[in-house]
>>> print(open('work-v1.txt').read())   # compact mmCIF, C-alpha atoms and all ligand atoms
# COMPACT_ATOMS: atom_id res chain seq x y z
CA MET A 1 -189.22 -85.62 -64.86
CA PRO A 2 -187.11 -84.50 -67.84
CA VAL A 3 -185.75 -80.93 -67.79
CA ARG A 4 -188.00 -78.76 -69.99
CA ILE A 5 -185.88 -76.77 -72.45
CA ALA A 6 -186.99 -73.98 -74.78
CA ILE A 7 -184.91 -72.41 -77.56
CA VAL A 8 -185.16 -68.70 -78.40
CA GLY A 9 -183.86 -67.81 -81.87
CA THR A 10 -184.16 -70.67 -84.36
CA GLY A 11 -181.31 -69.79 -86.76
CA ASN A 12 -178.02 -71.57 -87.44
CA ILE A 13 -176.65 -72.37 -83.98
CA ALA A 14 -180.12 -73.29 -82.64
CA ARG A 15 -179.92 -76.45 -84.79
CA THR A 16 -176.76 -77.54 -82.96
CA HIS A 17 -178.64 -76.96 -79.70
CA ALA A 18 -181.72 -78.89 -80.84
CA ARG A 19 -179.65 -81.87 -82.04
CA ALA A 20 -177.68 -81.96 -78.78
CA VAL A 21 -180.83 -81.70 -76.62
CA ALA A 22 -182.41 -84.55 -78.63
CA GLY A 23 -179.44 -86.73 -77.63
CA ILE A 24 -179.97 -86.17 -73.87
CA PRO A 25 -182.58 -88.54 -72.38
CA SER A 26 -183.06 -86.37 -69.27
CA ALA A 27 -184.17 -83.33 -71.34
CA THR A 28 -187.10 -82.52 -73.58
CA LEU A 29 -187.42 -79.69 -76.12
CA ALA A 30 -190.68 -78.15 -74.89
CA GLY A 31 -190.85 -75.03 -77.04
CA ALA A 32 -189.17 -72.61 -79.44
CA MET A 33 -189.53 -68.93 -80.26
CA ASP A 34 -188.40 -66.67 -83.11
CA VAL A 35 -189.59 -63.30 -84.37
CA ASP A 36 -189.37 -64.70 -87.94
CA SER A 37 -191.87 -67.45 -88.70
CA SER A 38 -189.95 -68.47 -91.83
CA ARG A 39 -187.22 -69.59 -89.38
CA LEU A 40 -189.52 -70.80 -86.60
CA ASP A 41 -191.97 -73.01 -88.50
CA PRO A 42 -189.49 -75.31 -90.29
CA PHE A 43 -187.45 -75.57 -87.07
CA CYS A 44 -190.49 -76.71 -85.04
CA GLU A 45 -191.42 -79.21 -87.73
CA GLU A 46 -187.88 -80.62 -88.06
CA TYR A 47 -187.35 -81.06 -84.31
CA GLY A 48 -190.94 -81.96 -83.36
CA VAL A 49 -191.41 -78.89 -81.13
CA ALA A 50 -195.00 -78.67 -79.81
CA GLU A 51 -194.99 -75.00 -78.74
CA GLY A 52 -193.75 -72.63 -81.45
CA CYS A 53 -194.18 -68.95 -80.47
CA ARG A 54 -193.45 -65.51 -81.94
CA ASP A 55 -193.43 -63.86 -78.51
CA LEU A 56 -191.17 -64.66 -75.54
CA GLY A 57 -193.91 -64.13 -72.93
CA ASP A 58 -196.11 -66.65 -74.76
CA LEU A 59 -193.23 -69.15 -74.87
CA LEU A 60 -192.59 -68.83 -71.15
CA SER A 61 -196.26 -69.31 -70.21
CA ARG A 62 -197.06 -72.05 -72.73
CA ALA A 63 -193.88 -74.18 -72.70
CA ARG A 64 -193.08 -73.60 -68.96
CA PRO A 65 -189.34 -74.16 -69.51
CA ASP A 66 -186.89 -74.92 -66.71
CA LEU A 67 -184.08 -73.72 -68.96
CA VAL A 68 -184.14 -71.35 -71.95
CA HIS A 69 -181.34 -71.55 -74.54
CA ILE A 70 -180.92 -68.09 -76.08
CA CYS A 71 -179.60 -68.37 -79.64
CA THR A 72 -180.44 -64.90 -80.98
CA PRO A 73 -178.00 -62.18 -82.15
CA PRO A 74 -175.82 -60.82 -79.30
CA ALA A 75 -177.50 -57.42 -78.78
CA THR A 76 -180.82 -59.16 -78.02
CA HIS A 77 -179.39 -61.49 -75.32
CA TYR A 78 -179.73 -59.11 -72.39
CA ALA A 79 -183.45 -58.32 -72.73
CA ALA A 80 -184.40 -61.91 -73.53
CA ALA A 81 -182.34 -63.34 -70.64
CA LEU A 82 -183.72 -60.78 -68.19
CA GLU A 83 -187.32 -61.63 -69.17
CA CYS A 84 -186.64 -65.35 -68.66
CA LEU A 85 -184.92 -64.86 -65.28
CA ASN A 86 -187.71 -62.56 -64.09
CA ALA A 87 -190.21 -65.30 -65.04
CA GLY A 88 -188.25 -67.85 -62.97
CA ALA A 89 -186.64 -69.75 -65.87
CA SER A 90 -182.88 -70.40 -65.89
CA VAL A 91 -180.96 -69.28 -68.96
CA LEU A 92 -178.16 -70.73 -71.09
CA VAL A 93 -177.10 -68.01 -73.52
CA GLU A 94 -174.88 -68.31 -76.58
CA LYS A 95 -171.56 -66.46 -76.65
CA PRO A 96 -170.97 -63.60 -76.34
CA PRO A 97 -173.34 -63.69 -73.37
CA VAL A 98 -174.12 -59.96 -73.72
CA ILE A 99 -172.39 -56.96 -75.29
CA SER A 100 -171.04 -55.19 -72.17
CA LEU A 101 -169.80 -55.90 -68.65
CA ARG A 102 -172.67 -53.77 -67.34
CA GLU A 103 -175.23 -56.05 -68.98
CA LEU A 104 -173.44 -59.15 -67.64
CA ASP A 105 -173.47 -57.82 -64.08
CA GLY A 106 -177.17 -56.95 -64.49
CA LEU A 107 -178.02 -60.53 -65.43
CA ALA A 108 -175.86 -61.99 -62.67
CA ALA A 109 -177.84 -59.85 -60.20
CA ALA A 110 -181.18 -61.01 -61.68
CA GLN A 111 -180.50 -64.64 -60.74
CA GLY A 112 -182.09 -66.28 -57.70
CA PRO A 113 -181.09 -65.31 -54.14
CA SER A 114 -177.72 -66.41 -52.78
CA ARG A 115 -177.50 -69.33 -50.35
CA PRO A 116 -175.07 -69.66 -47.46
CA GLY A 117 -171.73 -71.00 -48.69
CA GLY A 118 -171.56 -68.93 -51.86
CA THR A 119 -174.12 -70.85 -53.98
CA ARG A 120 -177.51 -69.50 -55.06
CA GLU A 121 -181.10 -70.53 -55.73
CA PRO A 122 -182.45 -70.81 -59.28
CA PRO A 123 -183.07 -69.23 -61.69
CA TRP A 124 -179.46 -69.29 -62.90
CA PHE A 125 -177.66 -67.60 -65.79
CA ALA A 126 -175.04 -69.56 -67.78
CA THR A 127 -173.05 -68.97 -70.97
CA VAL A 128 -172.16 -71.37 -73.80
CA PHE A 129 -168.36 -71.67 -73.89
CA GLN A 130 -168.30 -75.20 -75.24
CA HIS A 131 -164.53 -75.62 -75.53
CA ARG A 132 -164.16 -75.82 -71.75
CA PHE A 133 -165.85 -79.22 -71.80
CA GLY A 134 -163.78 -81.40 -74.12
CA SER A 135 -161.61 -83.89 -72.23
CA GLY A 136 -158.39 -82.22 -73.51
CA GLN A 137 -159.09 -78.91 -71.76
CA ARG A 138 -160.40 -80.68 -68.64
CA ARG A 139 -157.28 -82.88 -68.59
CA LEU A 140 -154.98 -79.86 -68.86
CA LYS A 141 -156.79 -78.15 -65.99
CA ALA A 142 -156.75 -81.24 -63.77
CA VAL A 143 -153.07 -82.02 -64.40
CA ALA A 144 -152.07 -78.36 -63.96
CA ASP A 145 -154.09 -78.15 -60.72
CA SER A 146 -152.35 -81.29 -59.42
CA GLY A 147 -149.01 -79.45 -59.62
CA ALA A 148 -147.48 -82.02 -62.00
CA LEU A 149 -146.70 -79.36 -64.63
CA GLY A 150 -145.13 -76.83 -62.27
CA ARG A 151 -145.79 -73.11 -62.71
CA PRO A 152 -147.37 -71.74 -65.92
CA LEU A 153 -144.91 -69.34 -67.57
CA VAL A 154 -145.82 -68.46 -71.17
CA ALA A 155 -148.93 -69.04 -73.28
CA VAL A 156 -149.94 -68.48 -76.90
CA CYS A 157 -153.61 -68.10 -77.94
CA HIS A 158 -154.14 -67.79 -81.68
CA THR A 159 -157.50 -67.52 -83.40
CA THR A 160 -156.43 -67.18 -87.03
CA TRP A 161 -159.70 -67.69 -88.92
CA PHE A 162 -161.17 -66.41 -92.20
CA ARG A 163 -164.48 -64.59 -92.75
CA ASP A 164 -165.21 -62.83 -96.04
CA GLN A 165 -166.98 -59.49 -96.46
CA ALA A 166 -170.38 -61.15 -97.05
CA TYR A 167 -170.17 -62.66 -93.56
CA PHE A 168 -169.97 -59.19 -92.02
CA ASP A 169 -172.65 -57.74 -94.30
CA VAL A 170 -175.30 -59.62 -92.22
CA PRO A 171 -177.08 -56.83 -90.27
CA TRP A 172 -176.29 -58.14 -86.76
CA ARG A 173 -172.53 -58.52 -87.33
CA GLY A 174 -169.44 -56.34 -87.22
CA GLY A 175 -170.74 -53.40 -85.17
CA TRP A 176 -170.38 -52.19 -81.58
CA ASP A 177 -174.12 -51.86 -80.99
CA ASN A 178 -175.18 -55.15 -82.59
CA GLU A 179 -172.35 -57.62 -81.88
CA GLY A 180 -170.29 -55.72 -79.30
CA GLY A 181 -167.12 -55.96 -81.41
CA GLY A 182 -165.40 -57.88 -84.20
CA PRO A 183 -163.39 -61.12 -84.07
CA THR A 184 -162.07 -60.39 -80.56
CA MET A 185 -165.64 -60.56 -79.22
CA GLY A 186 -167.14 -62.91 -81.81
CA HIS A 187 -164.43 -65.52 -82.51
CA GLY A 188 -161.32 -65.21 -80.35
CA ILE A 189 -163.57 -65.16 -77.28
CA HIS A 190 -163.77 -68.98 -77.46
CA GLN A 191 -160.01 -69.37 -77.23
CA MET A 192 -159.53 -66.57 -74.69
CA ASP A 193 -162.13 -68.37 -72.60
CA MET A 194 -159.95 -71.52 -72.70
CA LEU A 195 -156.91 -69.40 -71.83
CA ALA A 196 -158.65 -67.76 -68.86
CA ASP A 197 -160.16 -71.09 -67.78
CA VAL A 198 -156.60 -72.42 -67.38
CA LEU A 199 -154.64 -69.34 -66.26
CA GLY A 200 -157.27 -67.53 -64.16
CA ASP A 201 -157.49 -63.79 -63.49
CA TRP A 202 -155.64 -61.37 -65.76
CA THR A 203 -153.93 -58.29 -64.30
CA GLU A 204 -152.82 -56.19 -67.30
CA VAL A 205 -153.29 -56.14 -71.07
CA SER A 206 -151.63 -54.17 -73.87
CA ALA A 207 -153.35 -54.46 -77.22
CA LEU A 208 -153.73 -53.06 -80.68
CA ALA A 209 -156.54 -53.53 -83.18
CA ARG A 210 -156.92 -52.76 -86.88
CA THR A 211 -159.50 -52.90 -89.61
CA SER A 212 -157.12 -54.03 -92.36
CA ALA A 213 -159.26 -55.70 -95.01
CA ARG A 214 -162.99 -55.81 -94.20
CA VAL A 215 -165.43 -52.91 -94.26
CA MET A 216 -166.82 -52.85 -90.72
CA ALA A 217 -167.09 -50.46 -87.76
CA THR A 218 -165.10 -52.66 -85.37
CA GLU A 219 -161.75 -54.47 -85.89
CA ASP A 220 -160.92 -57.35 -88.20
CA LEU A 221 -157.83 -58.24 -86.15
CA SER A 222 -156.42 -57.63 -82.70
CA LEU A 223 -153.18 -58.57 -80.92
CA ALA A 224 -152.59 -58.50 -77.18
CA HIS A 225 -150.02 -59.21 -74.50
CA VAL A 226 -151.72 -60.34 -71.29
CA SER A 227 -150.31 -60.74 -67.75
CA PHE A 228 -152.03 -63.08 -65.28
CA ALA A 229 -152.19 -62.97 -61.50
CA ASN A 230 -150.30 -66.29 -61.30
CA GLY A 231 -147.31 -64.70 -63.06
CA ALA A 232 -147.90 -66.21 -66.52
CA VAL A 233 -147.91 -64.04 -69.65
CA ALA A 234 -149.74 -64.74 -72.92
CA SER A 235 -149.63 -63.57 -76.51
CA VAL A 236 -153.09 -63.41 -78.14
CA VAL A 237 -154.01 -63.01 -81.83
CA ASN A 238 -157.62 -62.66 -83.00
CA SER A 239 -157.94 -62.52 -86.81
CA VAL A 240 -160.60 -63.20 -89.44
CA LEU A 241 -158.13 -62.45 -92.26
CA SER A 242 -156.16 -65.72 -92.21
CA PRO A 243 -156.69 -67.90 -95.32
CA ARG A 244 -155.15 -71.01 -93.70
CA GLU A 245 -157.43 -71.16 -90.71
CA GLU A 246 -156.18 -72.55 -87.43
CA THR A 247 -156.92 -72.44 -83.72
CA TYR A 248 -153.76 -72.82 -81.64
CA LEU A 249 -153.20 -72.67 -77.89
CA ARG A 250 -149.90 -73.39 -76.23
CA PHE A 251 -149.12 -73.45 -72.52
CA ASP A 252 -145.46 -73.62 -71.43
CA TYR A 253 -145.21 -74.80 -67.83
CA GLU A 254 -141.97 -75.39 -65.90
CA TYR A 255 -142.11 -79.14 -66.56
CA ALA A 256 -144.00 -79.46 -69.89
CA THR A 257 -145.45 -77.75 -72.95
CA VAL A 258 -149.12 -78.50 -73.65
CA GLU A 259 -150.57 -77.60 -77.08
CA VAL A 260 -153.83 -77.97 -78.96
CA THR A 261 -154.22 -77.34 -82.69
CA HIS A 262 -157.69 -77.54 -84.23
CA LEU A 263 -160.25 -75.39 -85.98
CA TYR A 264 -163.80 -75.22 -84.60
CA GLY A 265 -163.67 -78.11 -82.14
CA TYR A 266 -161.02 -80.46 -80.77
CA ALA A 267 -160.70 -84.14 -79.92
CA ASP A 268 -158.07 -85.85 -77.73
CA ALA A 269 -155.81 -86.42 -80.75
CA ASP A 270 -155.52 -82.63 -81.26
CA TRP A 271 -153.65 -82.25 -77.94
CA ARG A 272 -149.98 -82.98 -77.32
CA ILE A 273 -147.73 -82.78 -74.32
CA THR A 274 -143.93 -82.42 -74.38
CA PRO A 275 -142.27 -82.95 -71.00
CA ALA A 276 -139.15 -80.95 -70.10
CA LYS A 277 -135.88 -82.85 -69.77
CA GLY A 278 -135.87 -84.90 -66.59
CA HIS A 279 -139.66 -84.71 -66.06
CA SER A 280 -141.08 -87.10 -68.63
CA GLY A 281 -141.95 -89.89 -66.17
CA GLU A 282 -144.16 -87.93 -63.74
CA VAL A 283 -145.62 -85.60 -66.39
CA GLN A 284 -146.61 -88.44 -68.74
CA ALA A 285 -148.05 -90.50 -65.88
CA ALA A 286 -150.25 -87.59 -64.74
CA TRP A 287 -151.36 -86.88 -68.33
CA ASP A 288 -152.19 -90.53 -69.04
CA ASP A 289 -154.14 -90.84 -65.80
CA ALA A 290 -156.61 -87.97 -66.54
CA GLU A 291 -159.93 -87.68 -68.43
CA TYR A 292 -160.22 -88.83 -72.09
CA GLY A 293 -162.88 -89.43 -74.73
CA THR A 294 -164.95 -86.23 -75.06
CA LYS A 295 -164.80 -83.85 -78.03
CA SER A 296 -165.34 -80.18 -77.29
CA GLY A 297 -168.78 -78.95 -78.33
CA HIS A 298 -172.28 -78.10 -77.28
CA ALA A 299 -173.24 -81.69 -76.41
CA ALA A 300 -170.29 -81.89 -74.00
CA GLN A 301 -171.30 -78.67 -72.22
CA PHE A 302 -175.01 -79.56 -72.14
CA ALA A 303 -174.21 -82.83 -70.33
CA HIS A 304 -172.59 -80.79 -67.54
CA VAL A 305 -175.46 -78.26 -67.53
CA LEU A 306 -178.08 -81.01 -67.21
CA ASP A 307 -176.10 -82.76 -64.44
CA ALA A 308 -175.98 -79.47 -62.50
CA LEU A 309 -179.71 -78.82 -62.92
CA ARG A 310 -180.53 -82.35 -61.80
CA ASP A 311 -178.40 -81.84 -58.67
CA GLY A 312 -179.78 -78.35 -57.94
CA ARG A 313 -176.43 -76.65 -58.66
CA GLN A 314 -175.56 -73.54 -60.71
CA PRO A 315 -174.93 -74.77 -64.28
CA PRO A 316 -171.69 -73.92 -66.11
CA VAL A 317 -170.42 -71.52 -67.35
CA ALA A 318 -171.42 -69.36 -64.34
CA PRO A 319 -171.47 -65.52 -64.61
CA GLY A 320 -168.24 -65.02 -62.65
CA GLU A 321 -166.33 -67.31 -65.03
CA ALA A 322 -167.87 -65.72 -68.14
CA ARG A 323 -167.06 -62.29 -66.67
CA ARG A 324 -163.34 -63.09 -66.49
CA THR A 325 -163.34 -63.80 -70.24
CA MET A 326 -165.59 -60.84 -71.09
CA SER A 327 -163.41 -58.51 -69.03
CA LEU A 328 -160.35 -59.67 -70.97
CA VAL A 329 -162.17 -58.83 -74.22
CA ALA A 330 -163.15 -55.43 -72.75
CA GLY A 331 -159.55 -54.89 -71.63
CA ILE A 332 -158.22 -55.60 -75.14
CA TYR A 333 -160.63 -53.07 -76.61
CA ALA A 334 -159.94 -50.47 -73.90
CA SER A 335 -156.17 -50.80 -74.49
CA ALA A 336 -156.51 -50.67 -78.28
CA PHE A 337 -158.73 -47.55 -78.03
CA THR A 338 -156.59 -45.71 -75.46
CA ARG A 339 -153.20 -46.96 -76.74
CA ARG A 340 -151.97 -47.77 -73.23
CA PRO A 341 -151.83 -50.80 -70.89
CA VAL A 342 -155.12 -51.51 -69.11
CA THR A 343 -155.86 -53.21 -65.76
CA PRO A 344 -159.22 -54.51 -64.46
CA ASP A 345 -159.57 -51.27 -62.43
CA ASP A 346 -159.87 -49.39 -65.74
CA LEU A 347 -163.08 -51.37 -66.39
CA ALA A 348 -164.80 -50.67 -63.06
CA PRO A 349 -168.53 -49.75 -62.97
CA GLY A 350 -168.99 -46.19 -64.19
CA THR A 351 -166.01 -46.28 -66.59
CA PRO A 352 -166.62 -46.04 -70.36
CA PHE A 353 -165.49 -49.58 -71.27
CA TYR A 354 -167.70 -51.07 -68.56
CA GLY A 355 -170.75 -49.69 -70.34
CA ALA A 356 -169.75 -50.55 -73.94
CA MET A 357 -166.91 -52.45 -75.57
CA ASN A 358 -165.97 -49.33 -77.58
CA GLY A 359 -166.36 -47.00 -74.58
CA GLY A 360 -168.99 -45.14 -76.60
CA LYS A 361 -166.36 -43.93 -79.11
CA THR A 362 -165.45 -44.45 -82.78
CA ALA A 363 -162.49 -46.80 -83.16
CA PRO A 364 -159.29 -44.68 -83.50
CA TRP A 365 -157.80 -47.11 -86.02
CA GLN A 366 -160.66 -46.56 -88.50
N1 LIG B 1 -170.94 -71.30 -79.68
C1 LIG B 1 -170.67 -71.24 -80.98
O1 LIG B 1 -169.75 -71.91 -81.48
C2 LIG B 1 -171.48 -70.35 -81.87
C3 LIG B 1 -171.45 -70.51 -83.24
C4 LIG B 1 -172.25 -69.67 -84.03
C5 LIG B 1 -173.01 -68.67 -83.45
N2 LIG B 1 -172.98 -68.52 -82.10
C6 LIG B 1 -173.77 -67.45 -81.45
O2 LIG B 1 -175.15 -67.78 -81.54
C7 LIG B 1 -175.94 -66.60 -81.66
C8 LIG B 1 -176.81 -66.71 -82.92
O3 LIG B 1 -175.99 -66.90 -84.06
P1 LIG B 1 -176.58 -67.60 -85.39
O4 LIG B 1 -175.42 -67.78 -86.29
O5 LIG B 1 -177.41 -68.77 -85.06
O6 LIG B 1 -177.51 -66.42 -85.94
P2 LIG B 1 -178.71 -66.53 -86.99
O7 LIG B 1 -178.84 -65.18 -87.60
O8 LIG B 1 -178.54 -67.70 -87.90
O9 LIG B 1 -179.99 -66.84 -86.08
C9 LIG B 1 -180.52 -65.91 -85.18
C10 LIG B 1 -182.04 -66.13 -85.09
O10 LIG B 1 -182.55 -65.27 -84.07
C11 LIG B 1 -183.78 -64.70 -84.53
N3 LIG B 1 -184.00 -63.48 -83.77
C12 LIG B 1 -183.45 -62.24 -83.95
N4 LIG B 1 -183.86 -61.41 -82.98
C13 LIG B 1 -184.71 -62.11 -82.19
C14 LIG B 1 -185.43 -61.81 -81.02
N5 LIG B 1 -185.38 -60.60 -80.45
N6 LIG B 1 -186.21 -62.79 -80.46
C15 LIG B 1 -186.27 -64.01 -81.02
N7 LIG B 1 -185.60 -64.38 -82.14
C16 LIG B 1 -184.81 -63.42 -82.70
C17 LIG B 1 -183.57 -64.50 -86.01
O11 LIG B 1 -184.83 -64.41 -86.70
C18 LIG B 1 -182.79 -65.78 -86.38
O12 LIG B 1 -183.65 -66.84 -86.72
C19 LIG B 1 -174.94 -65.44 -81.65
O13 LIG B 1 -174.79 -64.95 -80.34
C20 LIG B 1 -173.64 -66.09 -82.12
O14 LIG B 1 -172.48 -65.41 -81.67
C21 LIG B 1 -172.25 -69.34 -81.30
>>> encode(input="work-v1.txt", output="structure tokens")
Amino acid sequence: MPVRIAIVGTGNIARTHARAVAGIPSATLAGAMDVDSSRLDPFCEEYGVAEGCRDLGDLLSRARPDLVHICTPPATHYAAALECLNAGASVLVEKPPVISLRELDGLAAAQGPSRPGGTREPPWFATVFQHRFGSGQRRLKAVADSGALGRPLVAVCHTTWFRDQAYFDVPWRGGWDNEGGGPTMGHGIHQMDMLADVLGDWTEVSALARTSARVMATEDLSLAHVSFANGAVASVVNSVLSPREETYLRFDYEYATVEVTHLYGYADADWRITPAKGHSGEVQAAWDDAEYGTKSGHAAQFAHVLDALRDGRQPPVAPGEARRTMSLVAGIYASAFTRRPVTPDDLAPGTPFYGAMNGGKTAPWQ
């Protein structure tokens, strides 16, 4: 039986989802829902969706989805995901998964019961972080995990993109209550997710943020220095003020530098590896022997999600992994607001930046 998928929110990114689902033989698009029928009706017609609904409860009872893709604005993710999980449907939510660590922990807890061995029963909650699934990122992780690159020492994570004022004048963007932040939460989160996917848990962050050119309640740029538990340190830039747009990540290991330069998605050709003197033989052999051939993107992630569902496993990206990235975003904001270094303990349940990315305050740089 194909996996029954429903899409909630039929705007821009939902079309990427619908096209990718159409390309997966083991899945069927069983229904769609939007509060705006001028979005919903043409979407259902274009993608041949039988059940088009204006209400989430109707969608869940009529389409009976195994998996619901939530493609609505960020502040609506929590309530929609909770309703799906409570109805027994697994959820794959667009980034940012929710707008606070408290909401993320709430959804993790609303999943099915845990099984012995650390796994759990459906329904599951997963986040779209599609750049984990291109072969370049998977190759870097596999080769790093094999030990062939030595210890990670220094990393660079630059999201230097451009968004004009009109982009932020859309009602759901550029605020703490609607989007949960600016480009740190909305754009750089993709690259910080790649960084955390490779380097693991962070231990301290020092950051600053500014609103230098756009009129918005959050930031239009942030910069951070991040320490990781494995000893590596990273420099992070999140900007939407950069006319020559580029996405750049660089990982300097003991035995090689690995870099990727792209914009909104990478292919194998966007990655390069430079072995250190005396290490080119082993490093190049390990790099050549790893995975190739998959561009980063939704289709790449959905293939892994569908494989997991077919095997009865938690689909990626699981809440614990998404939490590491979200907590780094929260740490950057907490440091920029308080003008001091922040550790994960500063974001514990009950603290201000656990409950909201701005800690319930007006940004001091405004
Ligand atoms: N992974 C990526 O690369 C990527 C790219 C773009 C956007 N996104 C994310 O996707 C999400 C949606 O972004 P978008 O650009 O498609 O937005 P959009 O404004 O184009 O579409 C959102 C849709 O949701 C509908 N909607 C609003 N509230 C709703 C509700 N409560 N229930 C049902 N429908 C509702 C709107 O009517 C609209 O049709 C955001 O979280 C955004 O950050 C991710």
>>> axis_aligned_box(input="work-v1.txt", around="ligand LIG 1 (chain B)", padding_each_side="8 Å", output="lines of an AutoDock Vina configuration file")
center_x = -178.0
center_y = -66.3
center_z = -83.8
size_x = 32.5
size_y = 27.3
size_z = 24.2
>>> residues_near_ligand(input="work-v1.txt", ligand="ligand LIG 1 (chain B)", cutoff="8 Å", atoms="all atoms listed in the file", output="ChimeraX atom specification")
/A:8-14,33-37,39-40,54-56,70-74,76-77,80,93-97,128-130,172,179,186,190,264,297-298
>>> closest_residue(input="work-v1.txt", among="A:Glu204, A:Gly360, A:Leu241, A:Arg102", to="Arg340 in chain A", atoms="only C-alpha atoms")
A:Glu204
>>> closest_residue(input="work-v1.txt", among="A:Phe162, A:Tyr292, A:Phe43, A:Trp271", to="Leu221 in chain A", atoms="all atoms listed in the file")
A:Phe162
>>> residues_around(input="work-v1.txt", residues="Trp365 in chain A", least_positions_apart="3", cutoff="12 Å", atoms="all atoms listed in the file", output="list in words")
Leu208, Ala209, Arg210, Thr211, Ser212, Met216, Ala217, Thr218, Glu219, Asp220, Leu221, Ser222, Tyr333, Ala336, Phe337, Thr338, Arg339, Asn358, Lys361 and Thr362 of chain A
>>> closest_residue(input="work-v1.txt", among="A:Gly117, A:Gly200, A:Gly355, A:Gly136", to="Val258 in chain A", atoms="only C-alpha atoms")
A:Gly136
>>> residues_around(input="work-v1.txt", residues="Gly188 in chain A", least_positions_apart="5", cutoff="9 Å", atoms="all atoms listed in the file", output="list in words")
Cys157, His158, Thr159, Thr160, Pro183, Asp193, Val236, Val237, Asn238, Ser239 and Val329 of chain A
>>> closest_residue(input="work-v1.txt", among="A:Ala276, A:Ile99, A:Leu263, A:Leu249", to="Gly181 in chain A", atoms="all atoms listed in the file")
A:Ile99
>>> atom_distance(input="work-v1.txt", atom1="CA of Leu101 in chain A", atom2="CA of Arg324 in chain A")
9.9 Å
>>> atom_distance(input="work-v1.txt", atom1="CA of Tyr354 in chain A", atom2="CA of Leu82 in chain A")
18.7 Å
>>> closest_residue(input="work-v1.txt", among="A:Ala207, A:Ala108, A:Ala256, A:Val240", to="Gln314 in chain A", atoms="only C-alpha atoms")
A:Ala108
>>> residues_around(input="work-v1.txt", residues="Leu60 in chain A", least_positions_apart="4", cutoff="9 Å", atoms="only C-alpha atoms", output="ChimeraX atom specification")
/A:6,31,55-56,64-65,68,84,87,89
>>> residues_around(input="work-v1.txt", residues="range 15-29 of chain A", least_positions_apart="5", cutoff="6 Å", atoms="all atoms listed in the file", output="ChimeraX atom specification")
/A:2-6,299
>>> atom_distance(input="work-v1.txt", atom1="CA of Asn178 in chain A", atom2="CA of Ala110 in chain A")
22.5 Å
>>> closest_residue(input="work-v1.txt", among="A:Gly293, A:Pro116, A:Gly312, A:Gly231", to="Asp270 in chain A", atoms="only C-alpha atoms")
A:Gly293
>>> residues_around(input="work-v1.txt", residues="Arg62 in chain A", least_positions_apart="4", cutoff="9 Å", atoms="all atoms listed in the file", output="PyMOL selection string")
chain A and resi 31+51+53+57-58
>>> residues_near_point(input="work-v1.txt", point="(-178.9, -65.3, -69.6)", cutoff="6 Å", atoms="only C-alpha atoms", output="list in words")
Ala81, Val91, Leu92, Val93 and Phe125 of chain A
